[in-house]
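For reference, final.pdb is printed below; it contains PDB, C-alpha atoms.
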ATOM      1  CA  MET A 334     -37.935  72.713 -44.384
ATOM      2  CA  ILE A 335     -38.268  76.384 -43.520
ATOM      3  CA  SER A 336     -37.806  75.483 -39.858
ATOM      4  CA  SER A 337     -34.326  74.199 -40.731
ATOM      5  CA  LEU A 338     -33.271  77.827 -41.263
ATOM      6  CA  SER A 339     -32.727  80.392 -38.548
ATOM      7  CA  ASP A 340     -34.780  83.594 -38.538
ATOM      8  CA  SER A 341     -31.713  85.669 -39.437
ATOM      9  CA  THR A 342     -30.926  83.386 -42.409
ATOM     10  CA  ILE A 343     -34.488  83.695 -43.703
ATOM     11  CA  ILE A 344     -34.284  87.486 -43.506
ATOM     12  CA  GLN A 345     -30.929  87.408 -45.292
ATOM     13  CA  TYR A 346     -32.188  85.112 -48.059
ATOM     14  CA  GLU A 347     -35.318  87.206 -48.597
ATOM     15  CA  VAL A 348     -33.095  89.981 -49.966
ATOM     16  CA  THR A 349     -31.673  87.580 -52.547
ATOM     17  CA  TYR A 350     -35.081  86.279 -53.606
ATOM     18  CA  LYS A 351     -36.465  89.786 -54.178
ATOM     19  CA  LEU A 352     -33.428  90.710 -56.301
ATOM     20  CA  TRP A 353     -33.656  87.412 -58.193
ATOM     21  CA  TRP A 354     -37.381  87.884 -58.874
ATOM     22  CA  ASN A 355     -36.841  91.381 -60.297
ATOM     23  CA  PHE A 356     -33.846  90.198 -62.329
ATOM     24  CA  CYS A 357     -35.860  87.382 -63.913
ATOM     25  CA  ARG A 358     -38.915  89.565 -64.523
ATOM     26  CA  ASP A 359     -36.876  92.218 -66.381
ATOM     27  CA  ARG A 360     -35.325  89.540 -68.633
ATOM     28  CA  ASN A 361     -38.387  87.335 -69.111
ATOM     29  CA  ILE A 362     -36.679  84.445 -67.324
ATOM     30  CA  CYS A 363     -38.619  81.924 -65.284
ATOM     31  CA  PRO A 364     -37.583  82.587 -61.638
ATOM     32  CA  PHE A 365     -37.904  78.882 -60.901
ATOM     33  CA  ASN A 366     -35.290  78.011 -63.521
ATOM     34  CA  VAL A 367     -32.399  78.252 -61.093
ATOM     35  CA  GLU A 368     -29.608  76.909 -63.275
ATOM     36  CA  SER A 369     -25.937  77.889 -63.409
ATOM     37  CA  GLU A 370     -26.137  80.143 -66.493
ATOM     38  CA  PRO A 371     -28.864  82.557 -65.286
ATOM     39  CA  VAL A 372     -27.410  82.457 -61.753
ATOM     40  CA  ILE A 373     -23.974  83.537 -63.048
ATOM     41  CA  SER A 374     -25.622  86.372 -64.993
ATOM     42  CA  PHE A 375     -27.499  87.393 -61.860
ATOM     43  CA  LEU A 376     -24.342  87.412 -59.732
ATOM     44  CA  GLN A 377     -22.436  89.342 -62.420
ATOM     45  CA  ASN A 378     -25.216  91.923 -62.414
ATOM     46  CA  ILE A 379     -24.810  92.319 -58.651
ATOM     47  CA  LEU A 380     -21.054  92.786 -59.064
ATOM     48  CA  ASP A 381     -21.609  95.455 -61.728
ATOM     49  CA  SER A 382     -24.160  97.400 -59.704
ATOM     50  CA  THR A 383     -22.735  97.143 -56.175
ATOM     51  CA  ASN A 384     -19.473  97.046 -54.231
ATOM     52  CA  ASN A 385     -20.381  93.736 -52.587
ATOM     53  CA  LEU A 386     -17.475  91.544 -51.513
ATOM     54  CA  PHE A 387     -17.121  87.784 -51.966
ATOM     55  CA  GLY A 388     -19.058  86.962 -48.780
ATOM     56  CA  SER A 389     -22.194  88.752 -49.977
ATOM     57  CA  VAL A 390     -22.009  87.236 -53.472
ATOM     58  CA  ASN A 391     -21.534  83.759 -52.034
ATOM     59  CA  SER A 392     -24.507  84.341 -49.730
ATOM     60  CA  HIS A 393     -26.675  85.063 -52.785
ATOM     61  CA  ARG A 394     -25.413  81.832 -54.335
ATOM     62  CA  SER A 395     -26.337  79.909 -51.180
ATOM     63  CA  ALA A 396     -29.856  81.353 -51.203
ATOM     64  CA  LEU A 397     -30.416  80.363 -54.818
ATOM     65  CA  SER A 398     -28.972  76.889 -54.225
ATOM     66  CA  LEU A 399     -31.722  76.346 -51.671
ATOM     67  CA  ILE A 400     -34.448  76.676 -54.323
ATOM     68  CA  SER A 401     -32.552  75.058 -57.192
ATOM     69  CA  MET A 402     -33.378  71.568 -58.438
ATOM     70  CA  SER A 403     -29.749  71.111 -59.528
ATOM     71  CA  ASN A 404     -26.642  71.076 -57.351
ATOM     72  CA  LEU A 405     -25.224  74.553 -57.969
ATOM     73  CA  GLY A 406     -22.392  73.945 -55.523
ATOM     74  CA  ASP A 407     -20.876  71.325 -57.868
ATOM     75  CA  ASP A 408     -21.239  73.293 -61.092
ATOM     76  CA  LEU A 409     -17.742  73.874 -62.542
ATOM     77  CA  SER A 410     -18.640  77.148 -64.283
ATOM     78  CA  LEU A 411     -20.142  78.616 -61.128
ATOM     79  CA  LYS A 412     -17.148  77.451 -59.086
ATOM     80  CA  ARG A 413     -14.797  79.190 -61.506
ATOM     81  CA  PHE A 414     -16.911  82.343 -61.409
ATOM     82  CA  LEU A 415     -16.876  82.469 -57.599
ATOM     83  CA  LYS A 416     -13.125  81.899 -57.572
ATOM     84  CA  GLY A 417     -12.783  84.973 -59.758
ATOM     85  CA  VAL A 418     -15.032  86.946 -57.411
ATOM     86  CA  PHE A 419     -12.840  85.861 -54.499
ATOM     87  CA  LYS A 420      -9.751  87.295 -56.220
ATOM     88  CA  LEU A 421     -11.442  90.500 -57.383
ATOM     89  CA  ARG A 422     -13.488  91.176 -54.233
ATOM     90  CA  PRO A 423     -11.734  89.235 -51.431
ATOM     91  CA  PRO A 424     -13.473  89.036 -48.044
ATOM     92  CA  LYS A 425     -12.183  91.345 -45.363
ATOM     93  CA  PRO A 426     -12.068  90.573 -41.638
ATOM     94  CA  LYS A 427     -14.368  92.563 -39.387
ATOM     95  CA  TYR A 428     -11.402  93.753 -37.320
ATOM     96  CA  ASN A 429      -7.661  93.749 -38.014
ATOM     97  CA  TYR A 430      -6.908  94.361 -34.331
ATOM     98  CA  THR A 431      -8.758  94.376 -31.046
ATOM     99  CA  TRP A 432      -8.898  96.234 -27.728
ATOM    100  CA  ASN A 433      -7.618  95.239 -24.309
ATOM    101  CA  PRO A 434     -10.316  93.923 -21.895
ATOM    102  CA  GLU A 435      -8.288  95.535 -19.113
ATOM    103  CA  LYS A 436      -9.960  98.845 -20.036
ATOM    104  CA  VAL A 437     -13.426  97.532 -19.169
ATOM    105  CA  ILE A 438     -12.233  95.675 -16.058
ATOM    106  CA  ARG A 439     -10.489  98.798 -14.770
ATOM    107  CA  TYR A 440     -13.622 100.868 -15.467
ATOM    108  CA  PHE A 441     -15.776  98.521 -13.366
ATOM    109  CA  ASP A 442     -13.180  98.321 -10.610
ATOM    110  CA  LYS A 443     -13.123 102.106 -10.149
ATOM    111  CA  SER A 444     -16.895 102.645 -10.319
ATOM    112  CA  ASP A 445     -19.128 102.675  -7.234
ATOM    113  CA  ASP A 446     -22.436 103.061  -9.108
ATOM    114  CA  SER A 447     -25.104 100.762  -7.614
ATOM    115  CA  SER A 448     -28.039 101.605  -9.881
ATOM    116  CA  LEU A 449     -29.955  98.889 -11.733
ATOM    117  CA  THR A 450     -28.902 100.355 -15.083
ATOM    118  CA  PHE A 451     -25.206 100.207 -14.230
ATOM    119  CA  LEU A 452     -25.546  96.737 -12.692
ATOM    120  CA  SER A 453     -27.302  95.474 -15.828
ATOM    121  CA  HIS A 454     -24.627  96.929 -18.093
ATOM    122  CA  LYS A 455     -21.858  95.565 -15.897
ATOM    123  CA  LEU A 456     -23.239  92.033 -15.741
ATOM    124  CA  VAL A 457     -23.809  91.600 -19.476
ATOM    125  CA  ALA A 458     -20.374  93.045 -20.312
ATOM    126  CA  LEU A 459     -18.592  90.809 -17.798
ATOM    127  CA  LEU A 460     -20.502  87.745 -19.008
ATOM    128  CA  THR A 461     -19.448  88.338 -22.614
ATOM    129  CA  LEU A 462     -15.826  88.791 -21.557
ATOM    130  CA  VAL A 463     -15.403  85.862 -19.137
ATOM    131  CA  THR A 464     -17.330  83.363 -21.285
ATOM    132  CA  GLY A 465     -16.340  84.502 -24.786
ATOM    133  CA  HIS A 466     -19.867  83.731 -25.989
ATOM    134  CA  ARG A 467     -22.127  85.678 -28.306
ATOM    135  CA  LEU A 468     -24.825  87.992 -26.999
ATOM    136  CA  GLN A 469     -27.366  85.565 -28.462
ATOM    137  CA  THR A 470     -26.250  83.006 -25.873
ATOM    138  CA  ILE A 471     -26.221  85.546 -23.030
ATOM    139  CA  ALA A 472     -29.769  86.665 -23.888
ATOM    140  CA  LEU A 473     -30.994  83.063 -23.527
ATOM    141  CA  ILE A 474     -29.915  82.682 -19.886
ATOM    142  CA  ARG A 475     -32.828  81.669 -17.674
ATOM    143  CA  CYS A 476     -32.928  81.857 -13.893
ATOM    144  CA  SER A 477     -34.128  78.260 -13.629
ATOM    145  CA  ASN A 478     -30.910  77.083 -15.333
ATOM    146  CA  ILE A 479     -28.570  78.866 -12.920
ATOM    147  CA  ASN A 480     -26.885  76.517 -10.453
ATOM    148  CA  ILE A 481     -25.021  78.206  -7.578
ATOM    149  CA  THR A 482     -22.268  76.415  -5.629
ATOM    150  CA  ASP A 483     -19.636  77.611  -3.156
ATOM    151  CA  GLU A 484     -16.923  77.746  -5.818
ATOM    152  CA  ARG A 485     -18.744  78.811  -8.952
ATOM    153  CA  ILE A 486     -22.011  79.435 -10.767
ATOM    154  CA  ASN A 487     -22.931  77.074 -13.601
ATOM    155  CA  ILE A 488     -25.410  78.151 -16.270
ATOM    156  CA  PHE A 489     -26.745  75.648 -18.779
ATOM    157  CA  ILE A 490     -28.225  76.936 -22.056
ATOM    158  CA  PRO A 491     -30.786  74.415 -23.422
ATOM    159  CA  ASP A 492     -32.114  76.718 -26.176
ATOM    160  CA  LEU A 493     -30.789  76.372 -29.706
ATOM    161  CA  ILE A 494     -28.039  78.832 -30.633
ATOM    162  CA  LYS A 495     -26.192  79.668 -33.845
ATOM    163  CA  THR A 496     -23.807  76.718 -33.601
ATOM    164  CA  SER A 497     -26.359  74.135 -32.412
ATOM    165  CA  LYS A 498     -26.581  70.997 -34.525
ATOM    166  CA  PRO A 499     -27.364  67.303 -34.012
ATOM    167  CA  ASN A 500     -24.980  65.512 -31.623
ATOM    168  CA  SER A 501     -23.380  68.776 -30.486
ATOM    169  CA  TYR A 502     -23.099  69.980 -26.891
ATOM    170  CA  GLN A 503     -25.115  72.925 -25.635
ATOM    171  CA  PRO A 504     -23.244  75.766 -23.864
ATOM    172  CA  ASN A 505     -22.505  75.411 -20.154
ATOM    173  CA  LEU A 506     -21.203  78.706 -18.763
ATOM    174  CA  ARG A 507     -18.931  78.442 -15.713
ATOM    175  CA  LEU A 508     -18.472  81.563 -13.600
ATOM    176  CA  PRO A 509     -15.945  81.160 -10.759
ATOM    177  CA  PHE A 510     -16.074  83.420  -7.706
ATOM    178  CA  PHE A 511     -13.132  85.812  -8.062
ATOM    179  CA  LYS A 512     -12.374  86.293  -4.366
ATOM    180  CA  GLU A 513      -9.324  88.488  -4.978
ATOM    181  CA  ASN A 514     -11.548  91.380  -6.104
ATOM    182  CA  LYS A 515     -15.290  91.117  -5.575
ATOM    183  CA  ASN A 516     -15.880  94.363  -7.470
ATOM    184  CA  ILE A 517     -15.030  92.696 -10.794
ATOM    185  CA  CYS A 518     -16.296  89.206  -9.925
ATOM    186  CA  VAL A 519     -18.926  88.187 -12.476
ATOM    187  CA  ALA A 520     -20.424  85.537 -10.149
ATOM    188  CA  SER A 521     -20.908  88.087  -7.358
ATOM    189  CA  CYS A 522     -22.315  90.560  -9.863
ATOM    190  CA  LEU A 523     -24.842  87.951 -11.004
ATOM    191  CA  LEU A 524     -26.003  87.329  -7.417
ATOM    192  CA  SER A 525     -26.390  91.095  -6.858
ATOM    193  CA  TYR A 526     -28.392  91.397 -10.041
ATOM    194  CA  LEU A 527     -30.720  88.556  -9.025
ATOM    195  CA  ASN A 528     -31.346  90.211  -5.653
ATOM    196  CA  HIS A 529     -31.856  93.619  -7.248
ATOM    197  CA  THR A 530     -34.413  92.341  -9.779
ATOM    198  CA  GLU A 531     -36.265  89.881  -7.558
ATOM    199  CA  SER A 532     -39.252  92.155  -7.011
ATOM    200  CA  HIS A 533     -39.437  93.075 -10.715
ATOM    201  CA  ARG A 534     -39.268  89.422 -11.652
ATOM    202  CA  ARG A 535     -42.329  88.610  -9.539
ATOM    203  CA  ILE A 536     -44.274  91.202 -11.514
ATOM    204  CA  THR A 537     -43.212  89.990 -14.969
ATOM    205  CA  ASN A 538     -43.365  86.303 -14.016
ATOM    206  CA  ASP A 539     -40.683  85.633 -16.637
ATOM    207  CA  ASP A 540     -37.743  83.265 -16.318
ATOM    208  CA  HIS A 541     -35.239  85.174 -18.467
ATOM    209  CA  LEU A 542     -32.299  86.569 -16.507
ATOM    210  CA  PHE A 543     -32.061  90.011 -18.064
ATOM    211  CA  LEU A 544     -34.904  92.479 -17.700
ATOM    212  CA  THR A 545     -35.247  95.997 -19.025
ATOM    213  CA  CYS A 546     -34.180  98.728 -16.611
ATOM    214  CA  SER A 547     -37.463 100.645 -16.448
ATOM    215  CA  LYS A 548     -41.186  99.975 -16.229
ATOM    216  CA  PRO A 549     -42.837  97.984 -17.586
ATOM    217  CA  PHE A 550     -40.112  95.457 -16.792
ATOM    218  CA  LYS A 551     -39.863  92.823 -19.504
ATOM    219  CA  PRO A 552     -37.212  90.456 -20.892
ATOM    220  CA  ALA A 553     -34.335  92.323 -22.525
ATOM    221  CA  THR A 554     -33.759  91.388 -26.156
ATOM    222  CA  LYS A 555     -30.396  90.609 -27.732
ATOM    223  CA  GLN A 556     -30.483  94.046 -29.362
ATOM    224  CA  THR A 557     -30.957  95.684 -25.962
ATOM    225  CA  LEU A 558     -28.029  93.764 -24.496
ATOM    226  CA  SER A 559     -25.919  94.783 -27.482
ATOM    227  CA  ARG A 560     -26.747  98.420 -26.822
ATOM    228  CA  TRP A 561     -25.787  98.020 -23.158
ATOM    229  CA  VAL A 562     -22.417  96.525 -24.074
ATOM    230  CA  LYS A 563     -21.673  99.266 -26.585
ATOM    231  CA  THR A 564     -22.507 101.917 -23.980
ATOM    232  CA  THR A 565     -20.119 100.238 -21.530
ATOM    233  CA  LEU A 566     -17.324 100.072 -24.101
ATOM    234  CA  TYR A 567     -17.737 103.775 -24.831
ATOM    235  CA  LYS A 568     -17.597 104.734 -21.151
ATOM    236  CA  ALA A 569     -14.561 102.502 -20.617
ATOM    237  CA  GLY A 570     -12.629 104.294 -23.346
ATOM    238  CA  VAL A 571     -12.984 101.790 -26.215
ATOM    239  CA  ASP A 572     -13.429 103.395 -29.642
ATOM    240  CA  THR A 573     -17.026 102.441 -30.485
ATOM    241  CA  LYS A 574     -16.720 104.048 -33.926
ATOM    242  CA  ILE A 575     -14.575 101.014 -34.782
ATOM    243  CA  PHE A 576     -15.637  98.306 -32.337
ATOM    244  CA  GLN A 577     -19.188  97.057 -31.920
ATOM    245  CA  ALA A 578     -20.658  94.965 -29.101
ATOM    246  CA  HIS A 579     -19.649  91.661 -30.713
ATOM    247  CA  SER A 580     -15.988  92.728 -30.492
ATOM    248  CA  THR A 581     -16.008  91.526 -26.857
ATOM    249  CA  ARG A 582     -15.696  87.996 -28.278
ATOM    250  CA  HIS A 583     -12.576  89.020 -30.210
ATOM    251  CA  ALA A 584     -11.106  90.881 -27.241
ATOM    252  CA  ALA A 585     -11.744  88.115 -24.693
ATOM    253  CA  THR A 586     -10.503  85.156 -26.736
ATOM    254  CA  SER A 587      -7.432  87.036 -28.005
ATOM    255  CA  ALA A 588      -6.571  88.131 -24.448
ATOM    256  CA  ALA A 589      -6.914  84.543 -23.238
ATOM    257  CA  LEU A 590      -4.402  83.356 -25.845
ATOM    258  CA  ARG A 591      -1.968  86.147 -24.933
ATOM    259  CA  GLY A 592      -2.347  85.104 -21.300
ATOM    260  CA  GLY A 593      -1.246  81.550 -22.033
ATOM    261  CA  VAL A 594      -4.605  79.764 -22.236
ATOM    262  CA  SER A 595      -4.425  76.814 -24.624
ATOM    263  CA  LEU A 596      -6.304  76.784 -27.922
ATOM    264  CA  ASP A 597      -8.310  73.756 -26.812
ATOM    265  CA  VAL A 598      -9.586  75.570 -23.731
ATOM    266  CA  ILE A 599     -10.398  78.708 -25.733
ATOM    267  CA  ARG A 600     -12.355  76.736 -28.318
ATOM    268  CA  ARG A 601     -14.232  74.739 -25.688
ATOM    269  CA  THR A 602     -15.071  77.808 -23.584
ATOM    270  CA  ALA A 603     -16.219  79.981 -26.479
ATOM    271  CA  GLY A 604     -18.271  77.209 -28.098
ATOM    272  CA  TRP A 605     -16.079  76.237 -31.057
ATOM    273  CA  THR A 606     -15.309  72.644 -31.974
ATOM    274  CA  GLN A 607     -11.820  71.315 -31.260
ATOM    275  CA  SER A 608     -11.003  71.290 -34.993
ATOM    276  CA  SER A 609     -12.481  74.713 -35.733
ATOM    277  CA  GLN A 610     -10.269  77.304 -37.427
ATOM    278  CA  THR A 611     -12.732  80.149 -36.766
ATOM    279  CA  PHE A 612     -10.721  81.597 -33.881
ATOM    280  CA  ALA A 613      -7.467  81.650 -35.853
ATOM    281  CA  LYS A 614      -9.065  83.149 -38.986
ATOM    282  CA  PHE A 615     -11.489  85.686 -37.591
ATOM    283  CA  TYR A 616     -11.058  86.289 -33.844
ATOM    284  CA  ASN A 617      -7.380  86.114 -32.877
ATOM    285  CA  ARG A 618      -6.258  89.720 -33.321
ATOM    286  CA  PRO A 619      -3.340  91.804 -31.991
ATOM    287  CA  LEU A 620      -3.999  94.732 -29.690
ATOM    288  CA  MET A 621      -4.623  98.146 -31.187
ATOM    289  CA  GLU A 622      -1.645 100.203 -30.035
ATOM    290  CA  ASN A 623      -0.642 103.781 -30.678
ATOM    291  CA  ASN A 624       2.269 103.985 -33.111
ATOM    292  CA  ASN A 625       4.651 106.488 -31.519
ATOM    293  CA  PHE A 626       7.382 106.016 -34.141
ATOM    294  CA  ALA A 627       6.350 108.968 -36.336
ATOM    295  CA  GLU A 628       5.696 111.241 -33.344
ATOM    296  CA  CYS A 629       9.138 110.422 -31.935
ATOM    297  CA  ILE A 630      10.920 111.262 -35.202
ATOM    298  CA  LEU A 631       9.015 114.516 -35.661
ATOM    299  CA  SER A 632       9.531 115.599 -32.062
ATOM    300  CA  GLN A 633      13.282 114.962 -32.324
ATOM    301  CA  GLY A 634      13.383 117.020 -35.512
ATOM    302  CA  THR A 635      11.514 119.847 -33.809
ATOM    303  CA  ILE A 636      14.011 119.856 -30.936
ATOM    304  CA  SER A 637      16.907 120.019 -33.416
ATOM    305  CA  ILE A 638      15.360 122.925 -35.347
ATOM    306  CA  ASN A 639      14.637 124.902 -32.178
ATOM    307  CA  SER A 640      18.189 124.414 -30.931
ATOM    308  CA  GLN A 641      19.596 125.817 -34.188
ATOM    309  CA  LEU A 642      17.371 128.863 -33.908
TER     310      LEU A 642
END
As structure tokens, the full file:
Amino acid sequence: MISSLSDSTIIQYEVTYKLWWNFCRDRNICPFNVESEPVISFLQNILDSTNNLFGSVNSHRSALSLISMSNLGDDLSLKRFLKGVFKLRPPKPKYNYTWNPEKVIRYFDKSDDSSLTFLSHKLVALLTLVTGHRLQTIALIRCSNINITDERINIFIPDLIKTSKPNSYQPNLRLPFFKENKNICVASCLLSYLNHTESHRRITNDDHLFLTCSKPFKPATKQTLSRWVKTTLYKAGVDTKIFQAHSTRHAATSAALRGGVSLDVIRRTAGWTQSSQTFAKFYNRPLMENNNFAECILSQGTISINSQL
């Protein structure tokens, strides 16, 4: 039963269980009596002591539902309580706008750096942009699953990812050769990276595509890839105080829609089901643009004042 949960979910639920245990201990409540009344009191206590939004409160409810003998999800009182939480502490999107991938593409096009560090950063950033997939998926790429043809490179991901479930398709990344400009071609970049790391790969004897950039060479973790992407965004001129590495998924899918790519293709490429509303609710964002309206008004006023003087 524990294996049915991902590692990240277990870590997330552990926070709830520690809080629940302390809550029950302080009130002489049996922690295994996970019924609607004590659960509502517990969630109200969290609201009173924190600034948590609806998503966090609902996550606590999900964790407690897992160890409850009753069906908390169908309890009318708890439903009403959570509806109130939704109105008082509504969830907020991660980003209200996104950045233009053209910044990163232009940065790579102008650079002539051939070091392993730059090549590693370039490849992972381009892969996240042209596939629209999470860094979790990119970190699972193995050399043995890379199929190279004259027209494209196909990469199958057999490992379980966040959206994997019974009767669902595993990701199949398709990287066409962009012959118009080899400097920003992700397929060509992948071949260069494989050649550059061939000797290191013989030492590590590991099948993962991405390796660390210094000795001892070992498989790069998802956290390492995330750090590489964030470094690239910063150097390309993207505001990394606002946008994190995962924002490449927002930027890529939103740019594809602006470019005329159909919703069906976007969902299929990025790994969403054809009926999923995730893209529309959380990922489709307008570009962050400078608002020159105020500056224009103030500058015109300054010109008028100076002319009167």
Closest-contact table, segment 410-494 of chain A side, partner segment 559-566 of chain A, 8 Å, counting all atoms listed in the file, as JSON lines:
{"residue": "A:Val437", "atom": "CA", "partner": "A:Leu566", "partner_atom": "CA", "distance": 6.8}
{"residue": "A:Ser453", "atom": "CA", "partner": "A:Trp561", "partner_atom": "CA", "distance": 7.9}
{"residue": "A:His454", "atom": "CA", "partner": "A:Trp561", "partner_atom": "CA", "distance": 5.3}
{"residue": "A:Lys455", "atom": "CA", "partner": "A:Thr565", "partner_atom": "CA", "distance": 7.5}
{"residue": "A:Val457", "atom": "CA", "partner": "A:Val562", "partner_atom": "CA", "distance": 6.9}
{"residue": "A:Ala458", "atom": "CA", "partner": "A:Val562", "partner_atom": "CA", "distance": 5.5}
{"residue": "A:Leu468", "atom": "CA", "partner": "A:Ser559", "partner_atom": "CA", "distance": 6.9}
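Taking only C-alpha atoms into account, Met621 of chain A lies nearest to A:Asn433 out of the set A:Ser477, A:Asn433, A:Ser547, A:Ser580.
Around segment 413-416 of chain A, within 10 Å and counting all atoms listed in the file, the residues found are Ile373, Leu376, Gln377, Phe387, Val390, Asn391, Arg394, Asp408, Leu409, Lys420, Leu421, Arg422 and Pro423 of chain A, once anything fewer than 4 positions away on its own chain is removed.
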Test item: residues at most 12 Å from Cys363 of chain A, only C-alpha atoms, excluding those fewer than 6 positions along its chain, as a ChimeraX atom specification: /A:353-357,371-372
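For the pair atom CA of Lys412 of chain A and atom CA of Ala613 of chain A, the separation is 25.5 Å.
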Non-local contacts of His541 of chain A (8 Å; all atoms listed in the file; under 2 positions in same chain excluded) as a PyMOL selection string: chain A and resi 472-476+539+543-544+552
Take the selection from the previous step and output its residues with C-alpha atoms, as a PDB file, in the coordinates of the input.
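Output saved as selection.pdb:
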ATOM      1  CA  ALA A 472     -29.769  86.665 -23.888  1.00  0.00           C
ATOM      2  CA  LEU A 473     -30.994  83.063 -23.527  1.00  0.00           C
ATOM      3  CA  ILE A 474     -29.915  82.682 -19.886  1.00  0.00           C
ATOM      4  CA  ARG A 475     -32.828  81.669 -17.674  1.00  0.00           C
ATOM      5  CA  CYS A 476     -32.928  81.857 -13.893  1.00  0.00           C
ATOM      6  CA  ASP A 539     -40.683  85.633 -16.637  1.00  0.00           C
ATOM      7  CA  PHE A 543     -32.061  90.011 -18.064  1.00  0.00           C
ATOM      8  CA  LEU A 544     -34.904  92.479 -17.700  1.00  0.00           C
ATOM      9  CA  PRO A 552     -37.212  90.456 -20.892  1.00  0.00           C
TER      10      PRO A 552
END
